[in-house]
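Okay, entry_31.txt now, which holds compact mmCIF, C-alpha atoms and all ligand atoms:
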# COMPACT_ATOMS: atom_id res chain seq x y z
CA MET A 1 -11.83 -11.62 -8.11
CA LYS A 2 -10.56 -14.66 -6.17
CA HIS A 3 -7.26 -13.16 -4.90
CA LEU A 4 -5.50 -9.78 -4.92
CA LEU A 5 -1.83 -10.64 -5.28
CA GLY A 6 -0.53 -7.56 -7.07
CA LEU A 7 -1.38 -4.77 -9.49
CA GLU A 8 0.84 -6.03 -12.29
CA SER A 9 -1.89 -8.49 -13.23
CA LEU A 10 -4.88 -6.12 -12.88
CA ASP A 11 -6.10 -4.13 -15.88
CA ARG A 12 -7.20 -0.49 -16.03
CA GLU A 13 -10.92 -1.34 -15.73
CA GLU A 14 -10.40 -3.56 -12.69
CA ILE A 15 -8.42 -0.80 -10.96
CA LEU A 16 -11.03 1.85 -11.78
CA SER A 17 -13.88 -0.33 -10.59
CA LEU A 18 -12.18 -0.92 -7.20
CA LEU A 19 -11.61 2.84 -6.90
CA LYS A 20 -15.27 3.56 -7.63
CA LYS A 21 -16.34 1.12 -4.92
CA GLY A 22 -13.70 2.54 -2.56
CA LYS A 23 -15.04 6.05 -3.12
CA GLU A 24 -18.55 4.96 -2.15
CA TYR A 25 -17.22 3.24 0.98
CA ARG A 26 -15.23 6.35 1.91
CA GLU A 27 -18.39 8.45 1.80
CA TRP A 28 -20.20 5.87 3.91
CA LEU A 29 -17.26 5.75 6.34
CA ASP A 30 -17.32 9.51 6.91
CA GLU A 31 -20.97 9.19 7.89
CA VAL A 32 -20.20 6.28 10.21
CA TYR A 33 -17.57 8.30 12.03
CA GLU A 34 -19.76 11.39 12.25
CA LYS A 35 -23.14 9.81 12.95
CA ARG A 36 -22.11 6.48 14.50
CA ARG A 37 -24.01 4.43 11.93
CA GLN A 38 -24.23 0.64 12.20
CA PRO A 39 -21.89 -1.70 10.25
CA LEU A 40 -23.06 -3.19 6.95
CA PRO A 41 -23.93 -6.90 6.99
CA HIS A 42 -22.38 -7.69 3.57
CA LEU A 43 -19.78 -10.17 4.89
CA LYS A 44 -21.72 -11.59 7.82
CA GLY A 45 -20.43 -15.06 8.65
CA ARG A 46 -17.29 -14.80 6.50
CA ARG A 47 -14.01 -15.49 8.31
CA ILE A 48 -10.90 -13.41 7.70
CA CYS A 49 -7.43 -14.16 9.08
CA LEU A 50 -4.79 -11.43 9.28
CA LEU A 51 -1.51 -13.26 8.91
CA PHE A 52 1.31 -10.76 9.43
CA TYR A 53 4.90 -11.97 9.57
CA GLU A 54 6.21 -8.37 9.55
CA PRO A 55 5.28 -5.33 11.65
CA SER A 56 2.39 -3.11 10.55
CA THR A 57 0.21 -0.38 12.00
CA ARG A 58 -1.91 1.04 9.19
CA THR A 59 -2.40 -1.99 6.96
CA ARG A 60 -3.22 -4.47 9.69
CA HIS A 61 -5.62 -2.25 11.63
CA SER A 62 -7.38 -0.92 8.57
CA PHE A 63 -8.05 -4.46 7.32
CA GLU A 64 -9.35 -5.32 10.76
CA ILE A 65 -11.66 -2.31 10.85
CA ALA A 66 -12.74 -2.82 7.24
CA GLY A 67 -13.68 -6.46 7.92
CA ARG A 68 -15.60 -5.58 11.09
CA LEU A 69 -17.48 -2.75 9.38
CA LEU A 70 -18.74 -5.41 6.95
CA GLU A 71 -19.60 -7.72 9.87
CA ALA A 72 -16.99 -10.34 8.97
CA ASP A 73 -15.29 -12.33 11.75
CA VAL A 74 -11.72 -11.04 11.80
CA THR A 75 -8.94 -12.89 13.62
CA SER A 76 -5.43 -11.57 14.00
CA PHE A 77 -2.76 -14.26 13.96
CA SER A 78 -0.06 -13.50 16.54
CA LEU A 79 3.27 -14.57 15.19
CA ALA A 80 5.08 -14.15 18.51
CA VAL A 81 2.85 -16.66 20.34
CA SER A 82 2.22 -19.05 17.43
CA SER A 83 3.74 -22.42 16.49
CA VAL A 84 5.93 -20.59 13.95
CA GLN A 85 8.18 -20.06 16.98
CA LYS A 86 8.37 -23.88 17.30
CA GLY A 87 9.50 -24.20 13.69
CA GLU A 88 6.18 -24.66 11.89
CA SER A 89 6.49 -23.85 8.19
CA PHE A 90 4.51 -21.17 6.33
CA LYS A 91 2.79 -23.94 4.33
CA ASP A 92 1.68 -25.88 7.41
CA THR A 93 0.52 -22.72 9.14
CA LEU A 94 -1.62 -21.83 6.12
CA LEU A 95 -3.17 -25.29 5.79
CA THR A 96 -3.81 -25.51 9.53
CA LEU A 97 -5.59 -22.18 9.63
CA GLU A 98 -7.56 -22.96 6.47
CA SER A 99 -8.83 -26.15 8.12
CA MET A 100 -10.31 -23.98 10.86
CA GLY A 101 -12.56 -22.43 8.23
CA PHE A 102 -11.01 -19.12 7.23
CA ASP A 103 -12.33 -17.83 3.91
CA LEU A 104 -9.64 -15.22 3.29
CA PHE A 105 -6.09 -14.56 4.40
CA VAL A 106 -4.58 -11.08 4.43
CA ILE A 107 -0.86 -11.82 4.30
CA ARG A 108 2.22 -9.73 4.96
CA HIS A 109 5.54 -11.50 4.64
CA SER A 110 9.18 -10.56 4.21
CA TYR A 111 9.56 -12.93 1.23
CA SER A 112 8.72 -11.56 -2.20
CA GLY A 113 6.31 -14.05 -3.73
CA ALA A 114 4.91 -15.32 -0.40
CA CYS A 115 1.33 -14.39 -1.36
CA PHE A 116 1.53 -16.05 -4.74
CA TYR A 117 2.89 -19.16 -3.01
CA ALA A 118 0.05 -19.06 -0.45
CA SER A 119 -2.57 -18.78 -3.20
CA ASN A 120 -1.20 -22.02 -4.68
CA ILE A 121 -1.06 -23.86 -1.37
CA LEU A 122 -4.52 -22.97 -0.09
CA ARG A 123 -7.28 -25.20 -1.35
CA ARG A 124 -10.27 -22.89 -1.03
CA ALA A 125 -9.45 -19.62 0.73
CA SER A 126 -8.59 -16.32 -0.96
CA VAL A 127 -5.39 -14.31 -0.46
CA VAL A 128 -4.90 -10.56 -0.29
CA ASN A 129 -1.34 -9.31 -0.46
CA ALA A 130 -0.66 -6.84 2.39
CA GLY A 131 3.00 -6.43 1.31
CA ASP A 132 5.38 -9.22 0.25
CA GLY A 133 9.07 -8.42 0.66
CA MET A 134 10.30 -6.06 -2.04
CA HIS A 135 7.66 -7.19 -4.52
CA GLU A 136 4.22 -5.53 -4.27
CA HIS A 137 1.86 -3.73 -1.87
CA PRO A 138 -1.27 -3.47 -4.02
CA THR A 139 -3.71 -2.21 -1.39
CA GLN A 140 -1.35 0.69 -0.58
CA THR A 141 -1.37 1.86 -4.19
CA LEU A 142 -5.13 1.48 -4.45
CA LEU A 143 -5.65 3.65 -1.36
CA ASP A 144 -3.19 6.19 -2.76
CA LEU A 145 -5.10 6.30 -6.03
CA LEU A 146 -8.35 6.72 -4.14
CA THR A 147 -6.82 9.67 -2.28
CA ILE A 148 -5.82 11.30 -5.57
CA TYR A 149 -9.15 10.48 -7.22
CA ARG A 150 -11.07 12.21 -4.41
CA ALA A 151 -8.79 15.24 -4.32
CA ARG A 152 -8.41 15.77 -8.07
CA ASN A 153 -11.59 14.20 -9.37
CA LYS A 154 -9.47 12.28 -11.87
CA VAL A 155 -6.97 9.51 -11.63
CA GLU A 156 -5.45 9.22 -15.10
CA GLY A 157 -2.80 11.10 -17.02
CA LEU A 158 -1.27 13.03 -14.08
CA ARG A 159 2.39 13.60 -13.11
CA ILE A 160 4.06 12.12 -10.03
CA ALA A 161 7.52 12.16 -8.48
CA ILE A 162 8.27 9.09 -6.32
CA VAL A 163 11.28 9.90 -4.14
CA GLY A 164 13.45 7.72 -1.91
CA ASP A 165 14.36 4.09 -1.50
CA ILE A 166 12.88 2.81 -4.77
CA LEU A 167 15.10 -0.28 -4.75
CA HIS A 168 13.60 -1.85 -1.63
CA SER A 169 10.10 -0.43 -1.97
CA ARG A 170 7.15 -2.69 -2.73
CA VAL A 171 5.02 0.47 -2.60
CA ALA A 172 6.98 1.97 -5.50
CA ARG A 173 6.67 -1.21 -7.57
CA SER A 174 2.90 -1.45 -7.16
CA ALA A 175 2.56 2.27 -7.87
CA ILE A 176 4.64 2.05 -11.04
CA PHE A 177 2.64 -0.93 -12.35
CA ALA A 178 -0.69 0.81 -11.74
CA LEU A 179 0.28 4.33 -12.82
CA ASN A 180 1.59 3.05 -16.14
CA LYS A 181 -1.81 1.45 -16.78
CA LEU A 182 -3.43 4.80 -16.00
CA ASN A 183 -1.15 6.70 -18.34
CA TRP A 184 0.76 8.74 -15.77
CA ASN A 185 4.00 10.58 -16.30
CA ILE A 186 6.24 8.96 -13.65
CA HIS A 187 9.43 10.54 -12.25
CA ILE A 188 11.48 8.52 -9.83
CA CYS A 189 14.19 10.12 -7.77
CA ALA A 190 16.90 8.48 -5.66
CA PRO A 191 20.66 8.16 -5.38
CA PRO A 192 21.85 5.65 -8.04
CA THR A 193 22.46 3.00 -5.35
CA LEU A 194 18.77 3.04 -4.36
CA LEU A 195 17.42 2.35 -7.85
CA PRO A 196 16.74 -1.11 -9.28
CA LYS A 197 19.34 -2.23 -11.84
CA ASP A 198 16.66 -2.85 -14.47
CA VAL A 199 14.98 0.53 -13.92
CA GLU A 200 14.66 1.26 -17.66
CA LYS A 201 12.08 -1.57 -17.90
CA PHE A 202 9.63 0.40 -15.77
CA ASN A 203 8.75 3.19 -18.20
CA VAL A 204 9.74 5.97 -15.80
CA LYS A 205 12.00 9.01 -15.99
CA VAL A 206 14.93 8.81 -13.57
CA PHE A 207 16.23 11.80 -11.58
CA HIS A 208 18.94 12.07 -8.96
CA ARG A 209 18.16 15.64 -7.88
CA LEU A 210 15.00 16.18 -5.83
CA GLU A 211 14.49 19.75 -7.11
CA GLU A 212 14.40 18.57 -10.72
CA ALA A 213 12.21 15.53 -10.07
CA ILE A 214 9.38 17.38 -8.32
CA LYS A 215 9.18 20.37 -10.66
CA ASP A 216 5.53 20.93 -11.68
CA VAL A 217 4.28 17.47 -10.71
CA ASP A 218 0.74 16.87 -9.38
CA VAL A 219 1.85 14.45 -6.65
CA ILE A 220 5.06 14.29 -4.61
CA TYR A 221 5.26 10.77 -3.15
CA MET A 222 7.95 10.31 -0.50
CA LEU A 223 9.27 6.91 0.63
CA ARG A 224 10.96 5.72 3.79
CA ILE A 225 14.49 4.35 3.75
CA GLN A 226 13.88 0.62 4.30
CA ARG A 227 16.80 -0.06 6.59
CA GLU A 228 15.37 -3.44 7.60
CA ARG A 229 15.89 -4.66 4.00
CA GLN A 230 19.32 -3.15 3.42
CA LYS A 231 22.11 -5.66 3.82
CA GLU A 232 24.83 -3.22 2.85
CA GLN A 233 25.54 0.50 3.06
CA PHE A 234 23.72 2.27 0.20
CA PHE A 235 24.75 5.85 1.03
CA PRO A 236 27.46 7.44 3.21
CA SER A 237 25.16 8.48 6.09
CA LEU A 238 21.52 9.20 6.85
CA GLU A 239 22.45 12.87 7.38
CA GLU A 240 23.87 13.08 3.88
CA TYR A 241 20.83 11.33 2.37
CA SER A 242 18.58 13.73 4.25
CA ARG A 243 20.47 16.79 3.13
CA LEU A 244 19.91 15.83 -0.52
CA TYR A 245 16.52 14.11 -0.52
CA ARG A 246 14.48 15.43 2.42
CA LEU A 247 11.34 17.28 1.34
CA THR A 248 11.19 20.71 2.98
CA SER A 249 8.59 23.47 2.81
CA GLN A 250 10.88 25.45 0.48
CA HIS A 251 10.64 22.67 -2.10
CA LEU A 252 6.88 22.98 -2.35
CA SER A 253 7.05 26.17 -4.44
CA LEU A 254 8.56 24.06 -7.25
CA ALA A 255 5.29 22.18 -7.63
CA PRO A 256 2.50 24.61 -6.77
CA GLY A 257 -0.64 22.86 -5.58
CA ALA A 258 0.98 19.40 -5.56
CA MET A 259 -0.37 16.78 -3.18
CA VAL A 260 2.27 15.49 -0.74
CA MET A 261 1.89 11.81 0.08
CA HIS A 262 3.71 9.09 2.02
CA PRO A 263 2.67 5.48 2.71
CA GLY A 264 3.86 5.65 6.33
CA PRO A 265 5.51 5.12 8.66
CA VAL A 266 7.25 8.47 8.22
CA ASN A 267 10.68 9.02 9.70
CA ARG A 268 10.20 12.71 10.48
CA GLY A 269 13.20 14.77 9.62
CA VAL A 270 14.74 12.04 7.45
CA GLU A 271 12.67 11.91 4.24
CA MET A 272 10.36 14.80 5.14
CA GLU A 273 10.51 17.83 7.36
CA GLY A 274 7.94 17.67 10.19
CA THR A 275 6.27 20.89 8.99
CA VAL A 276 5.61 19.27 5.59
CA VAL A 277 4.21 16.12 7.22
CA ASP A 278 1.72 18.28 9.13
CA GLY A 279 1.25 20.96 6.48
CA GLY A 280 -1.74 21.84 4.31
CA GLU A 281 -0.39 19.99 1.26
CA SER A 282 0.01 16.72 3.17
CA PHE A 283 -2.60 14.00 2.47
CA ILE A 284 -1.01 11.44 4.79
CA LEU A 285 -3.95 11.11 7.19
CA ASP A 286 -6.45 11.16 4.35
CA GLN A 287 -4.50 8.24 2.84
CA VAL A 288 -4.97 6.38 6.12
CA ARG A 289 -8.74 6.81 6.16
CA ASN A 290 -8.96 5.88 2.50
CA GLY A 291 -7.06 2.74 3.48
CA VAL A 292 -10.07 1.54 5.45
CA ALA A 293 -12.46 2.36 2.59
CA ILE A 294 -10.45 0.68 -0.17
CA ARG A 295 -9.94 -2.41 1.97
CA MET A 296 -13.70 -2.62 2.49
CA ALA A 297 -14.07 -2.48 -1.30
CA ILE A 298 -11.46 -5.20 -1.79
CA LEU A 299 -12.87 -7.56 0.87
CA HIS A 300 -16.37 -7.04 -0.51
CA SER A 301 -15.23 -7.68 -4.08
CA ILE A 302 -13.62 -10.97 -3.11
CA LEU A 303 -15.92 -12.38 -0.45
CA GLY A 304 -19.20 -10.65 -1.20
CA GLU A 305 -19.42 -11.78 -4.77
CA GLU A 306 -18.09 -15.30 -4.25
CA LYS A 307 -20.69 -18.11 -4.29
CA ARG A 308 -21.30 -19.19 -0.73
N1 LIG A 401 4.16 0.66 5.03
C1 LIG A 401 4.79 0.47 3.74
C2 LIG A 401 5.20 -0.98 3.55
O1 LIG A 401 4.84 -1.82 4.35
C3 LIG A 401 5.92 1.42 3.51
C4 LIG A 401 7.06 1.36 4.50
O2 LIG A 401 7.10 0.49 5.38
O3 LIG A 401 7.94 2.21 4.38
O4 LIG A 401 5.86 -1.28 2.58

Please lay out the structure from this file as structure tokens.
Ligand code: ASP
Amino acid sequence: MKHLLGLESLDREEILSLLKKGKEYREWLDEVYEKRRQPLPHLKGRRICLLFYEPSTRTRHSFEIAGRLLEADVTSFSLAVSSVQKGESFKDTLLTLESMGFDLFVIRHSYSGACFYASNILRRASVVNAGDGMHEHPTQTLLDLLTIYRARNKVEGLRIAIVGDILHSRVARSAIFALNKLNWNIHICAPPTLLPKDVEKFNVKVFHRLEEAIKDVDVIYMLRIQRERQKEQFFPSLEEYSRLYRLTSQHLSLAPGAMVMHPGPVNRGVEMEGTVVDGGESFILDQVRNGVAIRMAILHSILGEEKR
């Protein structure tokens, strides 16, 4: 693998092989945290640049930790104090940083397609998509699948309800691409204004009522309202959205044993009640730890197997 730009272009076997590697890294990671084991030298001497043009907590830090646990040199590019503020273009920033010797760029950008563009501009270095606009967030879906794989011991042919701002969600798009390859039964649930116009292309079943969408599913996957991407009013008020689409503890009896997941950041009380966020069915913090493991697997797959 030279780049990871999205899951639309990965096949079932490639996804399963990353999950298998991620699972091994997760087991190793648990031992590191418990027994303070030493990092692995697999990426010693490789240089990784985290190039984030949008805010991030989980994705950025987990890539940083993943790289360091493999002994790579990880540098975080600081947008606020960079020449981007002086008008430098994305292209020139990429070429400048590549000349300094970076082997891989982890890129988050508000433009859909920014990572694909970067992979064409860069002469040698690899690109990993850490979220590009409303397009894809492949590493999020891979960590979500790893979470399900570990909890259910299988990752194919299950049922999921993805609820919330589907229209603006790169997480939902990556999930739908991957879950279709793994033969899932996919319910999506949102007010009509928060669904893509071409939703029928995605091979999903559409619901507008939360109670119907989550009935008997294996995974309830809640999304945040992406207000930073909304240029118009998509629903009358946040209170009204919440009244209809917020996941509460009463809802959980409709899907006994279902895993409750969210990519973060959660807006407590908006898309989920705080007691559900912290409850026994919530896998949110497990998702976060799996984020480190799957990113180790991804970095290793790209940089560890490349000819030096
Ligand atoms: N963290 C995810 C993303 O970057 C989800 C979100 O922000 O709501 O897309």

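The protein and nucleic acid residues lying at most 8 Å from Cys115 in chain A are Leu5, Ile107, Arg108, His109, Ser119, Val127, Val128, Asn129 and Asp132 of chain A, with only C-alpha atoms considered and sequence neighbours fewer than 4 positions away removed.
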
Enumerate, in order of chain and increasing residue number, the residues of range 21-139 of chain A with an atom no farther than 8 Å from range 153-174 of chain A, each with its shortest atom pair and distance in Å to one decimal, counting only C-alpha atoms, as a tab-separated table.
residue	atom	partner	partner_atom	distance
A:Gly131	CA	A:Arg170	CA	6.9
A:Asp132	CA	A:Arg170	CA	7.4
A:Gly133	CA	A:Arg170	CA	6.9
A:Met134	CA	A:Arg170	CA	4.7
A:His135	CA	A:Arg170	CA	4.9
A:Glu136	CA	A:Arg170	CA	4.4
A:His137	CA	A:Val171	CA	5.3
A:Pro138	CA	A:Ser174	CA	5.6

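The two atoms in question, CA of Lys2 in chain A and CA of Phe102 in chain A, are spaced 14.1 Å apart.
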
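Proximity to Gln233 in chain A at 10 Å, evaluated using all atoms listed in the file and with sequence-adjacent residues fewer than 4 positions away removed, yields Thr193, Arg227 and Ser237 of chain A.
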
Take the residues from that selection and put them in a file with C-alpha atoms, as a short mmCIF file (atom, residue, chain, number, x, y, z; two decimals), keeping the file's coordinate frame.
data_model
loop_
_atom_site.label_atom_id
_atom_site.label_comp_id
_atom_site.auth_asym_id
_atom_site.auth_seq_id
_atom_site.Cartn_x
_atom_site.Cartn_y
_atom_site.Cartn_z
CA THR A 193 22.46 3.00 -5.35
CA ARG A 227 16.80 -0.06 6.59
CA SER A 237 25.16 8.48 6.09
#

Write out as a ChimeraX atom specification each polymer residue whose atoms come within 12 Å of Ser253 in chain A, counting all atoms listed in the file; drop sequence neighbours fewer than 4 positions from it.
-> /A:211,214-217,247-249,257-258,281

Writer output for current selection, C-alpha atoms, as a tab-separated table (two decimals), keeping the file's coordinate frame:
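Generated output (again18.tsv):
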chain	number	residue	atom	x	y	z
A	211	GLU	CA	14.49	19.75	-7.11
A	214	ILE	CA	9.38	17.38	-8.32
A	215	LYS	CA	9.18	20.37	-10.66
A	216	ASP	CA	5.53	20.93	-11.68
A	217	VAL	CA	4.28	17.47	-10.71
A	247	LEU	CA	11.34	17.28	1.34
A	248	THR	CA	11.19	20.71	2.98
A	249	SER	CA	8.59	23.47	2.81
A	257	GLY	CA	-0.64	22.86	-5.58
A	258	ALA	CA	0.98	19.40	-5.56
A	281	GLU	CA	-0.39	19.99	1.26

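Closest approach to ligand LIG 401 (chain A) among A:Phe52, A:Trp184, A:Tyr25, A:Phe116 is made by A:Phe52 (distances from all atoms listed in the file).
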
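One finds CA of Arg60 in chain A at 26.0 Å from CA of Gly279 in chain A.
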
Interatomic distance between CA of Gly304 in chain A and CA of Leu43 in chain A?
-> 6.1 Å

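Near Ser301 in chain A, within 12 Å and counting all atoms listed in the file, sit Met1, Lys2, His3, Leu4, Glu14, Ile15, Ser17, Leu18, Leu19, Lys20, Lys21, Gly22, His42, Leu43, Leu70, Leu104, Ser126, Val128, Ile294, Arg295, Met296, Ala297, Ile298, Gly304, Glu305, Glu306 and Lys307 of chain A, not including residues fewer than 3 positions from it in the same chain.
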
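Nearest residue to Lys44 in chain A, choosing from A:Asp278, A:Glu24, A:Ile65, A:Val74 and counting all atoms listed in the file: A:Val74.
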
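Closest approach to ligand LIG 401 (chain A) among A:Asp144, A:Glu54, A:Glu212, A:Asp218: A:Glu54, based on all atoms listed in the file.
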
Find the residue from A:Ser83, A:Ser282, A:Ser112, A:Ser76 that sits nearest to ligand LIG 401 (chain A); use all atoms listed in the file when measuring.
-> A:Ser112

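A cut-off of 12 Å from the point (0.5, -7.8, 18.5), with all atoms listed in the file, picks out the residues Leu50, Leu51, Phe52, Tyr53, Glu54, Pro55, Ser56, Thr57, Arg60, His61, Thr75, Ser76, Phe77, Ser78, Leu79, Ala80, Val81 and Ser82 of chain A.
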
Give me the residues within 8 Å of Val206 in chain A as an MDAnalysis selection string, counting all atoms listed in the file and dropping any in the same chain fewer than 3 places off.
-> chainID A and resid 187:189

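When all atoms listed in the file are used to measure the gap to Leu252 in chain A, the shortest distance among A:Thr275, A:Thr59, A:Asn267, A:Asn203 belongs to A:Thr275.
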